[in-house]
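> My questions will all concern the structure given below.
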Amino acid sequence: MADELNLNKWADHLIILHAHAQGLLAALHAAKQSIDSDSPSSPTSAIDLLSKGGSPDVGFSYNGASVSPASPARPGAERLKTLGDPTLAPLFKIMVKKFPDAGDLAKSSGYPAFQSAHGDILSEMQPIYDLFLAIMEFTENAAMVLSQGINLVSFNSESNPDIVDAFLDLLVSYTFVLHMLATLGNERKTIAMSFSRAYQIKNSEAEPSFQR
């Protein structure tokens, strides 16, 4: 009975994380549009790629790790203005080359322009930076939950076909999230380092999640 309860609880986590992955994929698609879009880089208001909080019905803690899924919004797909700013391009190239160690960027070409634009960088890039953090949390938890299947003796396609299907659904979603993230290319590094450095300029302290 205990094994059955553990298996059912594990299956619930598979389903929850798979549903969460669909939201992340929708948000990643919107982020990719905002990075790749050829639309004019006119000023835009900050957009939440993820609706904060998610549903309390799908949050859970598993082996000490918490998951708080958030639902994707449906933002417009205007290109990030700061990514196309030619005065920031030299510094962005340095950031990509040095990632994840920023080093002494203050002496780099384009840093004065970056300092002047740090407020715009924060407001524009925070939604995507928050999405990156949500993806990190998802991948950590999904990898942990998927690995649990190895230790469940009742996990087989003959006795529990629905659970095996749920496992495969999450495995595919997990892989697809990583693939979609990879398609953002070097812009991932640019956004992560730019937001972190802009945060440091504004708050005089390091962005707490960057080293993850």
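Each chain of the structure tokens is named A, B, ... in the order shown, its residues numbered from 1; ligands are numbered from 1 in display order.
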Pull the closest atom pair for each residue of region 140-176 of chain A that gets at most 10 Å from region 118-135 of chain A, along with the distance in Å to one decimal, counting only C-alpha atoms, ordering rows by chain and then ascending residue number, as CSV.

residue,atom,partner,partner_atom,distance
A:Glu140,CA,A:Ile135,CA,8.5
A:Asn141,CA,A:Ile135,CA,9.8
A:Tyr174,CA,A:Ile135,CA,9.7
> Convert the current residue selection to file output with N, CA and C atoms, as a compact mmCIF listing (two decimals), in the first residue's frame.

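File result_32.txt, as written:
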# COMPACT_ATOMS: atom_id res chain seq x y z
N GLU A 140 15.40 21.67 -12.47
CA GLU A 140 15.93 21.02 -11.27
C GLU A 140 14.91 20.04 -10.70
N ASN A 141 13.66 20.48 -10.61
CA ASN A 141 12.62 19.64 -10.04
C ASN A 141 12.22 18.52 -10.99
N TYR A 174 10.43 18.25 -20.74
CA TYR A 174 11.70 18.66 -20.14
C TYR A 174 12.75 18.90 -21.23
> Please provide the set of residues having any atom within 10 Å of Tyr199 (chain A), restricted to only C-alpha atoms, with same-chain residues fewer than 2 positions apart removed, written as a list of chain:residue names.
A:His118, A:Gly119, A:Ile121, A:Leu122, A:Gln126, A:Met193, A:Ser194, A:Phe195, A:Ser196, A:Arg197, A:Ile201, A:Lys202, A:Asn203, A:Ser204, A:Glu205, A:Ala206, A:Glu207, A:Pro208
> Mind writing the picked residues with all heavy atoms as a compact mmCIF listing (two decimals), in the first residue's frame?

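For reference, again_14.txt as written:
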# COMPACT_ATOMS: atom_id res chain seq x y z
N HIS A 118 20.86 51.62 -17.56
CA HIS A 118 20.61 50.46 -16.69
C HIS A 118 19.15 50.37 -16.25
O HIS A 118 18.62 49.27 -16.06
CB HIS A 118 21.54 50.49 -15.47
CG HIS A 118 21.14 51.42 -14.38
ND1 HIS A 118 21.51 52.76 -14.36
CD2 HIS A 118 20.38 51.23 -13.27
CE1 HIS A 118 21.01 53.33 -13.29
NE2 HIS A 118 20.32 52.43 -12.60
N GLY A 119 18.47 51.50 -16.10
CA GLY A 119 17.06 51.46 -15.72
C GLY A 119 16.20 50.82 -16.79
O GLY A 119 15.32 49.99 -16.51
N ILE A 121 17.29 48.77 -19.07
CA ILE A 121 17.70 47.37 -19.16
C ILE A 121 16.97 46.53 -18.11
O ILE A 121 16.47 45.44 -18.41
CB ILE A 121 19.23 47.25 -18.98
CG1 ILE A 121 19.93 47.85 -20.20
CG2 ILE A 121 19.65 45.80 -18.77
CD1 ILE A 121 21.43 48.03 -20.03
N LEU A 122 16.88 47.04 -16.91
CA LEU A 122 16.16 46.32 -15.85
C LEU A 122 14.70 46.11 -16.21
O LEU A 122 14.18 44.99 -16.09
CB LEU A 122 16.26 47.09 -14.53
CG LEU A 122 17.54 46.93 -13.72
CD1 LEU A 122 17.53 47.88 -12.53
CD2 LEU A 122 17.71 45.49 -13.24
N GLN A 126 13.80 42.19 -17.24
CA GLN A 126 13.37 41.44 -16.05
C GLN A 126 12.38 40.32 -16.36
O GLN A 126 12.50 39.22 -15.80
CB GLN A 126 12.79 42.37 -14.99
CG GLN A 126 12.35 41.61 -13.74
CD GLN A 126 12.23 42.47 -12.52
OE1 GLN A 126 12.32 43.70 -12.60
NE2 GLN A 126 12.03 41.85 -11.38
N MET A 193 23.50 38.45 -18.00
CA MET A 193 24.57 39.28 -17.46
C MET A 193 24.18 40.75 -17.43
O MET A 193 24.54 41.48 -16.50
CB MET A 193 25.86 39.08 -18.27
CG MET A 193 26.54 37.76 -17.99
SD MET A 193 28.24 37.67 -18.61
CE MET A 193 29.06 38.82 -17.52
N SER A 194 23.43 41.20 -18.43
CA SER A 194 23.01 42.60 -18.46
C SER A 194 22.08 42.91 -17.29
O SER A 194 22.23 43.93 -16.61
CB SER A 194 22.31 42.92 -19.78
OG SER A 194 23.19 42.82 -20.86
N PHE A 195 21.12 42.03 -17.07
CA PHE A 195 20.19 42.26 -15.97
C PHE A 195 20.93 42.24 -14.64
O PHE A 195 20.70 43.08 -13.77
CB PHE A 195 19.07 41.22 -15.97
CG PHE A 195 18.07 41.44 -14.87
CD1 PHE A 195 17.01 42.32 -15.05
CD2 PHE A 195 18.20 40.80 -13.65
CE1 PHE A 195 16.10 42.56 -14.03
CE2 PHE A 195 17.29 41.03 -12.62
CZ PHE A 195 16.24 41.91 -12.81
N SER A 196 21.82 41.27 -14.48
CA SER A 196 22.57 41.15 -13.23
C SER A 196 23.40 42.40 -12.96
O SER A 196 23.43 42.93 -11.84
CB SER A 196 23.47 39.92 -13.27
OG SER A 196 24.28 39.83 -12.12
N ARG A 197 24.09 42.90 -13.99
CA ARG A 197 24.94 44.08 -13.80
C ARG A 197 24.08 45.33 -13.58
O ARG A 197 24.41 46.18 -12.75
CB ARG A 197 25.85 44.26 -15.00
CG ARG A 197 26.77 45.49 -14.91
CD ARG A 197 27.51 45.57 -13.58
NE ARG A 197 28.44 44.49 -13.39
CZ ARG A 197 29.76 44.62 -13.44
NH1 ARG A 197 30.30 45.79 -13.67
NH2 ARG A 197 30.53 43.57 -13.24
N ILE A 201 24.13 47.87 -10.36
CA ILE A 201 24.27 49.33 -10.45
C ILE A 201 23.18 50.02 -9.65
O ILE A 201 23.43 50.97 -8.91
CB ILE A 201 24.23 49.78 -11.93
CG1 ILE A 201 25.47 49.29 -12.67
CG2 ILE A 201 24.11 51.30 -12.02
CD1 ILE A 201 25.43 49.53 -14.16
N LYS A 202 21.96 49.53 -9.77
CA LYS A 202 20.84 50.17 -9.09
C LYS A 202 20.85 49.93 -7.59
O LYS A 202 20.56 50.84 -6.80
CB LYS A 202 19.52 49.66 -9.67
CG LYS A 202 18.29 50.27 -9.00
CD LYS A 202 17.00 49.74 -9.59
CE LYS A 202 15.80 50.36 -8.89
NZ LYS A 202 14.51 49.85 -9.44
N ASN A 203 21.19 48.71 -7.17
CA ASN A 203 21.05 48.33 -5.77
C ASN A 203 22.36 48.25 -4.99
O ASN A 203 22.34 47.97 -3.79
CB ASN A 203 20.34 46.97 -5.68
CG ASN A 203 18.95 47.01 -6.28
OD1 ASN A 203 18.01 47.54 -5.69
ND2 ASN A 203 18.81 46.45 -7.48
N SER A 204 23.47 48.46 -5.68
CA SER A 204 24.80 48.40 -5.04
C SER A 204 25.06 47.06 -4.38
O SER A 204 25.77 46.96 -3.37
CB SER A 204 24.94 49.53 -4.00
OG SER A 204 24.79 50.80 -4.61
N GLU A 205 24.49 46.01 -4.94
CA GLU A 205 24.74 44.65 -4.47
C GLU A 205 24.45 43.68 -5.60
O GLU A 205 23.73 44.01 -6.54
CB GLU A 205 23.88 44.31 -3.26
CG GLU A 205 22.39 44.34 -3.51
CD GLU A 205 21.58 44.01 -2.27
OE1 GLU A 205 22.16 43.97 -1.17
OE2 GLU A 205 20.36 43.80 -2.40
N ALA A 206 25.03 42.49 -5.52
CA ALA A 206 24.87 41.51 -6.59
C ALA A 206 23.45 40.98 -6.66
O ALA A 206 22.76 40.87 -5.63
CB ALA A 206 25.85 40.35 -6.38
N GLU A 207 23.00 40.67 -7.85
CA GLU A 207 21.69 40.05 -8.03
C GLU A 207 21.76 38.65 -7.41
O GLU A 207 22.61 37.84 -7.79
CB GLU A 207 21.36 39.98 -9.53
CG GLU A 207 19.88 39.84 -9.85
CD GLU A 207 19.33 38.48 -9.51
OE1 GLU A 207 19.99 37.48 -9.83
OE2 GLU A 207 18.24 38.42 -8.92
N PRO A 208 20.90 38.33 -6.44
CA PRO A 208 21.08 37.12 -5.63
C PRO A 208 20.94 35.80 -6.38
O PRO A 208 21.48 34.79 -5.93
CB PRO A 208 19.98 37.25 -4.56
CG PRO A 208 18.98 38.19 -5.14
CD PRO A 208 19.76 39.15 -5.99
> Hey, can you check how far CA of Ile163 (chain A) sits from CA of Ala11 (chain A)?
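Computed distance, CA of Ile163 (chain A) to CA of Ala11 (chain A), equals 6.0 Å.
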> Please provide as a PDB file with all heavy atoms, in the first residue's frame all residues within 12 Å of Pro86 (chain A), with the sequence filter that same-chain residues fewer than 3 positions apart are discarded (counting only C-alpha atoms).

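What landed in around.pdb:
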ATOM      1  N   SER A  41      12.215  48.983 -32.792  1.00  0.00           N
ATOM      2  CA  SER A  41      12.563  48.918 -31.370  1.00  0.00           C
ATOM      3  C   SER A  41      12.072  50.166 -30.645  1.00  0.00           C
ATOM      4  O   SER A  41      12.845  50.918 -30.077  1.00  0.00           O
ATOM      5  CB  SER A  41      14.083  48.779 -31.202  1.00  0.00           C
ATOM      6  OG  SER A  41      14.739  49.838 -31.852  1.00  0.00           O
ATOM      7  N   LYS A  81      14.337  46.800 -26.958  1.00  0.00           N
ATOM      8  CA  LYS A  81      15.018  47.991 -27.462  1.00  0.00           C
ATOM      9  C   LYS A  81      16.504  47.970 -27.129  1.00  0.00           C
ATOM     10  O   LYS A  81      17.355  48.301 -27.962  1.00  0.00           O
ATOM     11  CB  LYS A  81      14.356  49.236 -26.868  1.00  0.00           C
ATOM     12  CG  LYS A  81      14.981  50.549 -27.315  1.00  0.00           C
ATOM     13  CD  LYS A  81      14.321  51.726 -26.627  1.00  0.00           C
ATOM     14  CE  LYS A  81      14.982  53.033 -27.023  1.00  0.00           C
ATOM     15  NZ  LYS A  81      14.389  54.190 -26.312  1.00  0.00           N
ATOM     16  N   THR A  82      16.829  47.584 -25.901  1.00  0.00           N
ATOM     17  CA  THR A  82      18.221  47.651 -25.464  1.00  0.00           C
ATOM     18  C   THR A  82      19.115  46.660 -26.210  1.00  0.00           C
ATOM     19  O   THR A  82      20.301  46.930 -26.412  1.00  0.00           O
ATOM     20  CB  THR A  82      18.318  47.392 -23.949  1.00  0.00           C
ATOM     21  OG1 THR A  82      17.563  46.219 -23.615  1.00  0.00           O
ATOM     22  CG2 THR A  82      17.763  48.575 -23.174  1.00  0.00           C
ATOM     23  N   LEU A  83      18.572  45.527 -26.640  1.00  0.00           N
ATOM     24  CA  LEU A  83      19.386  44.564 -27.378  1.00  0.00           C
ATOM     25  C   LEU A  83      19.837  45.114 -28.723  1.00  0.00           C
ATOM     26  O   LEU A  83      20.870  44.703 -29.252  1.00  0.00           O
ATOM     27  CB  LEU A  83      18.613  43.259 -27.597  1.00  0.00           C
ATOM     28  CG  LEU A  83      18.555  42.273 -26.435  1.00  0.00           C
ATOM     29  CD1 LEU A  83      17.803  41.018 -26.852  1.00  0.00           C
ATOM     30  CD2 LEU A  83      19.944  41.913 -25.937  1.00  0.00           C
ATOM     31  N   ALA A  89      26.230  47.483 -27.924  1.00  0.00           N
ATOM     32  CA  ALA A  89      26.685  46.269 -28.613  1.00  0.00           C
ATOM     33  C   ALA A  89      28.103  45.844 -28.226  1.00  0.00           C
ATOM     34  O   ALA A  89      28.349  44.650 -28.001  1.00  0.00           O
ATOM     35  CB  ALA A  89      26.567  46.457 -30.124  1.00  0.00           C
ATOM     36  N   PRO A  90      29.083  46.763 -28.129  1.00  0.00           N
ATOM     37  CA  PRO A  90      30.436  46.325 -27.761  1.00  0.00           C
ATOM     38  C   PRO A  90      30.487  45.644 -26.393  1.00  0.00           C
ATOM     39  O   PRO A  90      31.181  44.637 -26.214  1.00  0.00           O
ATOM     40  CB  PRO A  90      31.243  47.634 -27.765  1.00  0.00           C
ATOM     41  CG  PRO A  90      30.493  48.543 -28.676  1.00  0.00           C
ATOM     42  CD  PRO A  90      29.052  48.214 -28.446  1.00  0.00           C
ATOM     43  N   LEU A  91      29.741  46.194 -25.439  1.00  0.00           N
ATOM     44  CA  LEU A  91      29.743  45.603 -24.099  1.00  0.00           C
ATOM     45  C   LEU A  91      29.024  44.260 -24.097  1.00  0.00           C
ATOM     46  O   LEU A  91      29.444  43.324 -23.405  1.00  0.00           O
ATOM     47  CB  LEU A  91      29.087  46.553 -23.097  1.00  0.00           C
ATOM     48  CG  LEU A  91      29.185  46.119 -21.628  1.00  0.00           C
ATOM     49  CD1 LEU A  91      30.647  46.086 -21.181  1.00  0.00           C
ATOM     50  CD2 LEU A  91      28.386  47.059 -20.729  1.00  0.00           C
ATOM     51  N   PHE A  92      27.955  44.146 -24.864  1.00  0.00           N
ATOM     52  CA  PHE A  92      27.241  42.872 -24.945  1.00  0.00           C
ATOM     53  C   PHE A  92      28.163  41.765 -25.467  1.00  0.00           C
ATOM     54  O   PHE A  92      28.128  40.626 -24.988  1.00  0.00           O
ATOM     55  CB  PHE A  92      26.021  42.999 -25.858  1.00  0.00           C
ATOM     56  CG  PHE A  92      24.890  43.797 -25.259  1.00  0.00           C
ATOM     57  CD1 PHE A  92      23.910  44.347 -26.072  1.00  0.00           C
ATOM     58  CD2 PHE A  92      24.802  43.995 -23.891  1.00  0.00           C
ATOM     59  CE1 PHE A  92      22.858  45.072 -25.525  1.00  0.00           C
ATOM     60  CE2 PHE A  92      23.755  44.727 -23.334  1.00  0.00           C
ATOM     61  CZ  PHE A  92      22.784  45.266 -24.158  1.00  0.00           C
ATOM     62  N   LYS A  93      28.990  42.090 -26.448  1.00  0.00           N
ATOM     63  CA  LYS A  93      29.919  41.096 -26.992  1.00  0.00           C
ATOM     64  C   LYS A  93      30.917  40.643 -25.925  1.00  0.00           C
ATOM     65  O   LYS A  93      31.261  39.462 -25.835  1.00  0.00           O
ATOM     66  CB  LYS A  93      30.655  41.677 -28.195  1.00  0.00           C
ATOM     67  CG  LYS A  93      29.774  41.880 -29.421  1.00  0.00           C
ATOM     68  CD  LYS A  93      30.582  42.439 -30.582  1.00  0.00           C
ATOM     69  CE  LYS A  93      29.701  42.645 -31.808  1.00  0.00           C
ATOM     70  NZ  LYS A  93      30.474  43.219 -32.948  1.00  0.00           N
ATOM     71  N   SER A 109      34.609  48.862 -23.191  1.00  0.00           N
ATOM     72  CA  SER A 109      33.973  49.782 -24.129  1.00  0.00           C
ATOM     73  C   SER A 109      32.455  49.664 -24.035  1.00  0.00           C
ATOM     74  O   SER A 109      31.908  48.568 -24.003  1.00  0.00           O
ATOM     75  CB  SER A 109      34.428  49.442 -25.554  1.00  0.00           C
ATOM     76  OG  SER A 109      33.739  50.219 -26.503  1.00  0.00           O
ATOM     77  N   GLY A 110      31.801  50.801 -23.969  1.00  0.00           N
ATOM     78  CA  GLY A 110      30.345  50.809 -23.910  1.00  0.00           C
ATOM     79  C   GLY A 110      29.775  50.822 -22.509  1.00  0.00           C
ATOM     80  O   GLY A 110      28.553  50.933 -22.344  1.00  0.00           O
ATOM     81  N   ALA A 113      27.638  53.947 -21.462  1.00  0.00           N
ATOM     82  CA  ALA A 113      26.298  53.903 -22.057  1.00  0.00           C
ATOM     83  C   ALA A 113      25.416  52.909 -21.305  1.00  0.00           C
ATOM     84  O   ALA A 113      24.215  53.137 -21.116  1.00  0.00           O
ATOM     85  CB  ALA A 113      26.393  53.522 -23.530  1.00  0.00           C
ATOM     86  N   PHE A 114      26.019  51.801 -20.878  1.00  0.00           N
ATOM     87  CA  PHE A 114      25.278  50.793 -20.117  1.00  0.00           C
ATOM     88  C   PHE A 114      24.813  51.371 -18.782  1.00  0.00           C
ATOM     89  O   PHE A 114      23.671  51.154 -18.365  1.00  0.00           O
ATOM     90  CB  PHE A 114      26.163  49.571 -19.885  1.00  0.00           C
ATOM     91  CG  PHE A 114      25.466  48.427 -19.200  1.00  0.00           C
ATOM     92  CD1 PHE A 114      24.821  47.451 -19.935  1.00  0.00           C
ATOM     93  CD2 PHE A 114      25.451  48.329 -17.811  1.00  0.00           C
ATOM     94  CE1 PHE A 114      24.171  46.390 -19.312  1.00  0.00           C
ATOM     95  CE2 PHE A 114      24.805  47.282 -17.176  1.00  0.00           C
ATOM     96  CZ  PHE A 114      24.163  46.310 -17.931  1.00  0.00           C
TER      97      PHE A 114
END
